[in-house]
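Asks: The structure under discussion is supplied below as structure tokens; questions concerning it will follow.
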Amino acid sequence: MFVTFEGIDGAGKSTQARLLAERPRVGAETDAPLLLREPGGTPAGERLREILKDPELSLHPRAELLLFLAARAELVEQVIRPALETGRDVVCDRFSDSTVAYQGAGRGLGVEFVQRACADAVAGCVPDRTVLLQLPVAEAGERGAGRGDFGADRFEREGAAFQATIAGCFDELAAAEPERFLVVDGAGEPGEVHERVLAGLGLDAAPGGRG
């Protein structure tokens, strides 16, 4: 199974992706889920991540889009597709939906245009389930500020109005594909949110449970 986590900055995606990937498993007949992040996961992807996150750089929206797509195409062909073909589960912190929301809606390139570009980049590799963590923009900002890292990259520095646009686009994407999206309330302690994620995915929350 290929599961992705989406949401605005500060919604808790990285934490929840990690918790799902670290979930105890019974037996050793299959490998543990592969945990990835976007952009990243390959040598090229990690270098591109440094460019895309650098708050000192100014990129044209189309250039920004193409860098994300390049990193994703590499990740799909070098890591995700091979893992799925061997039967290994993959959990990814962000994927194409983030690009649609951030570059399509947030940067104004157009949702449908970016969706087509993303489809070309992944060549049929799409998530089985996408967990959308919903959290008010103000609360997400407070979380990041509490960690001391909110506003640390180019996207977090865009401010509340930008994040609100992203959140609205995510909601529209989820409404358009309810069979793929699992919308989860991201408020509360990580363990509480994790239980909601497991319940929504139909997984056993008991230690050692498998799904």
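Starting from 1 in every chain, residues are counted up; chains themselves are A, B, ... following the order of the structure tokens, and ligands are numbered from 1 as listed.
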Report as JSON, numbers by chain all protein, DNA and RNA residues lying within 12 Å of Glu112 (chain A), evaluated on only C-alpha atoms, omitting residues in the same chain fewer than 2 positions from it.
Replies: {"A": [97, 99, 100, 101, 103, 104, 105, 108, 109, 110, 114, 115, 116, 117, 118, 119, 169, 173]}
Asks: Please dump the current selection as a compact mmCIF listing (two decimals), in the first residue's frame; keep C-alpha atoms.
Replies:
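Now in out-v7.txt:
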# COMPACT_ATOMS: atom_id res chain seq x y z
CA ASP A 97 -1.38 16.88 -3.90
CA THR A 99 2.29 20.48 -5.49
CA VAL A 100 -1.25 20.98 -6.77
CA ALA A 101 -2.16 22.98 -3.66
CA GLN A 103 2.04 25.66 -6.85
CA GLY A 104 -1.35 25.28 -8.52
CA ALA A 105 -3.43 27.29 -6.05
CA GLY A 108 -1.44 30.74 -9.12
CA LEU A 109 -0.27 28.34 -11.83
CA GLY A 110 -3.70 26.71 -11.99
CA VAL A 114 -0.40 21.37 -12.21
CA GLN A 115 -2.46 18.19 -11.90
CA ARG A 116 -1.59 17.30 -15.50
CA ALA A 117 2.09 18.06 -14.91
CA CYS A 118 2.13 15.91 -11.77
CA ALA A 119 0.46 13.03 -13.62
CA CYS A 169 -7.36 23.73 -2.16
CA LEU A 173 -9.09 17.96 -3.65
Asks: Using only C-alpha atoms, tabulate the residues of region 89-184 of chain A lying at most 6 Å from any atom of region 51-71 of chain A, each with its closest atom pair and that distance in Å to one decimal, by chain and increasing residue number, as CSV.
Replies:
residue,atom,partner,partner_atom,distance
A:Ala121,CA,A:Leu69,CA,5.9
A:Asp153,CA,A:Pro55,CA,5.0
A:Arg154,CA,A:Pro55,CA,4.4
Asks: Taking the DSSP secondary structure from the backbone, can you list the residues of region 88-185 of chain A that are strand (DSSP E or B), as a PyMOL selection string?
Replies: chain A and resi 90-93+129-134+181-185
Asks: Residues at most 12 Å from Ala164 (chain A), counting only C-alpha atoms, excluding those fewer than 3 positions away in the same chain, as a ChimeraX atom specification?
Replies: /A:7-9,101-102,105-106,134-141,156,158-161,167-171
Asks: Given the selection you just returned, output its residues as a file containing N, CA, C and O atoms, formatted as a tab-separated table (two decimals), in the first residue's frame.
Replies:
chain	number	residue	atom	x	y	z
A	7	GLY	N	-1.32	18.32	4.04
A	7	GLY	CA	-1.84	19.35	4.93
A	7	GLY	C	-0.97	20.57	4.88
A	7	GLY	O	0.11	20.57	4.28
A	8	ILE	N	-1.41	21.63	5.52
A	8	ILE	CA	-0.64	22.86	5.54
A	8	ILE	C	0.58	22.69	6.44
A	8	ILE	O	0.69	21.72	7.20
A	9	ASP	N	1.50	23.64	6.37
A	9	ASP	CA	2.68	23.61	7.22
A	9	ASP	C	2.26	23.68	8.68
A	9	ASP	O	1.45	24.53	9.06
A	101	ALA	N	-1.68	21.94	-4.58
A	101	ALA	CA	-2.16	22.98	-3.66
A	101	ALA	C	-1.20	24.18	-3.60
A	101	ALA	O	-1.64	25.33	-3.68
A	102	TYR	N	0.09	23.90	-3.45
A	102	TYR	CA	1.04	25.00	-3.26
A	102	TYR	C	1.37	25.73	-4.55
A	102	TYR	O	1.36	26.97	-4.59
A	105	ALA	N	-2.57	26.28	-6.67
A	105	ALA	CA	-3.43	27.29	-6.05
A	105	ALA	C	-2.61	28.42	-5.43
A	105	ALA	O	-2.84	29.60	-5.71
A	106	GLY	N	-1.64	28.07	-4.59
A	106	GLY	CA	-0.88	29.08	-3.88
A	106	GLY	C	-0.07	30.00	-4.77
A	106	GLY	O	-0.06	31.22	-4.58
A	134	GLN	N	-6.26	18.13	8.88
A	134	GLN	CA	-6.85	19.46	8.90
A	134	GLN	C	-6.57	20.14	10.23
A	134	GLN	O	-6.78	19.54	11.30
A	135	LEU	N	-6.10	21.37	10.16
A	135	LEU	CA	-5.82	22.16	11.36
A	135	LEU	C	-5.96	23.63	10.99
A	135	LEU	O	-5.50	24.05	9.92
A	136	PRO	N	-6.63	24.44	11.83
A	136	PRO	CA	-6.73	25.87	11.53
A	136	PRO	C	-5.36	26.49	11.30
A	136	PRO	O	-4.38	26.12	11.96
A	137	VAL	N	-5.30	27.42	10.38
A	137	VAL	CA	-4.02	28.04	10.03
A	137	VAL	C	-3.33	28.65	11.24
A	137	VAL	O	-2.12	28.49	11.44
A	138	ALA	N	-4.09	29.35	12.08
A	138	ALA	CA	-3.50	30.00	13.25
A	138	ALA	C	-2.89	28.97	14.20
A	138	ALA	O	-1.79	29.18	14.73
A	139	GLU	N	-3.59	27.84	14.40
A	139	GLU	CA	-3.08	26.81	15.29
A	139	GLU	C	-1.84	26.15	14.71
A	139	GLU	O	-0.88	25.85	15.45
A	140	ALA	N	-1.83	25.93	13.40
A	140	ALA	CA	-0.65	25.35	12.77
A	140	ALA	C	0.55	26.28	12.92
A	140	ALA	O	1.68	25.83	13.17
A	141	GLY	N	0.32	27.58	12.77
A	141	GLY	CA	1.39	28.55	12.94
A	141	GLY	C	1.93	28.57	14.36
A	141	GLY	O	3.14	28.68	14.57
A	156	GLU	N	6.82	28.52	4.50
A	156	GLU	CA	6.30	28.94	5.79
A	156	GLU	C	6.31	30.46	5.94
A	156	GLU	O	5.49	31.03	6.65
A	158	GLU	N	5.50	32.57	3.73
A	158	GLU	CA	4.48	33.23	2.90
A	158	GLU	C	3.33	33.78	3.70
A	158	GLU	O	2.57	34.63	3.22
A	159	GLY	N	3.13	33.32	4.92
A	159	GLY	CA	2.12	33.89	5.79
A	159	GLY	C	0.79	33.17	5.81
A	159	GLY	O	0.55	32.20	5.08
A	160	ALA	N	-0.13	33.69	6.64
A	160	ALA	CA	-1.40	33.02	6.90
A	160	ALA	C	-2.30	32.99	5.68
A	160	ALA	O	-3.00	31.99	5.45
A	161	ALA	N	-2.34	34.07	4.90
A	161	ALA	CA	-3.23	34.09	3.73
A	161	ALA	C	-2.83	33.02	2.72
A	161	ALA	O	-3.70	32.35	2.13
A	167	ALA	N	-4.94	25.45	2.28
A	167	ALA	CA	-5.92	24.64	3.01
A	167	ALA	C	-7.21	24.50	2.22
A	167	ALA	O	-7.79	23.40	2.16
A	168	GLY	N	-7.66	25.58	1.61
A	168	GLY	CA	-8.88	25.53	0.81
A	168	GLY	C	-8.74	24.59	-0.37
A	168	GLY	O	-9.68	23.85	-0.71
A	169	CYS	N	-7.58	24.61	-1.02
A	169	CYS	CA	-7.36	23.73	-2.16
A	169	CYS	C	-7.33	22.27	-1.71
A	169	CYS	O	-7.91	21.40	-2.37
A	170	PHE	N	-6.68	21.99	-0.59
A	170	PHE	CA	-6.66	20.62	-0.07
A	170	PHE	C	-8.08	20.12	0.17
A	170	PHE	O	-8.41	18.97	-0.14
A	171	ASP	N	-8.91	20.98	0.74
A	171	ASP	CA	-10.30	20.58	1.01
A	171	ASP	C	-11.03	20.24	-0.29
A	171	ASP	O	-11.80	19.27	-0.35
Asks: Mind listing the alpha helix (DSSP H) residues of chain A, per DSSP on the backbone, as a PyMOL selection string?
Replies: chain A and resi 13-21+43-53+61-75+81-85+96-99+111-122+137-147+160-176+190-201
Asks: Could you pull the residues within 12 Å of region 185-200 of chain A, counting only C-alpha atoms, minus those fewer than 2 positions along the same chain, as a PyMOL selection string?
Replies: chain A and resi 3-23+129-140+143+179-183+202-207+209-211
Asks: Tell me, in Å to one decimal, how far CA of Gly124 (chain A) is from CA of Gln163 (chain A).
Replies: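 Between CA of Gly124 (chain A) and CA of Gln163 (chain A) the gap works out to 28.5 Å.
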Asks: Between A:Glu142, A:Glu85, A:Asp93, A:Asp120, single out the one closest to Gly41 (chain A), counting only C-alpha atoms.
Replies: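 Ranked by minimum distance to Gly41 (chain A), first place goes to A:Asp93.
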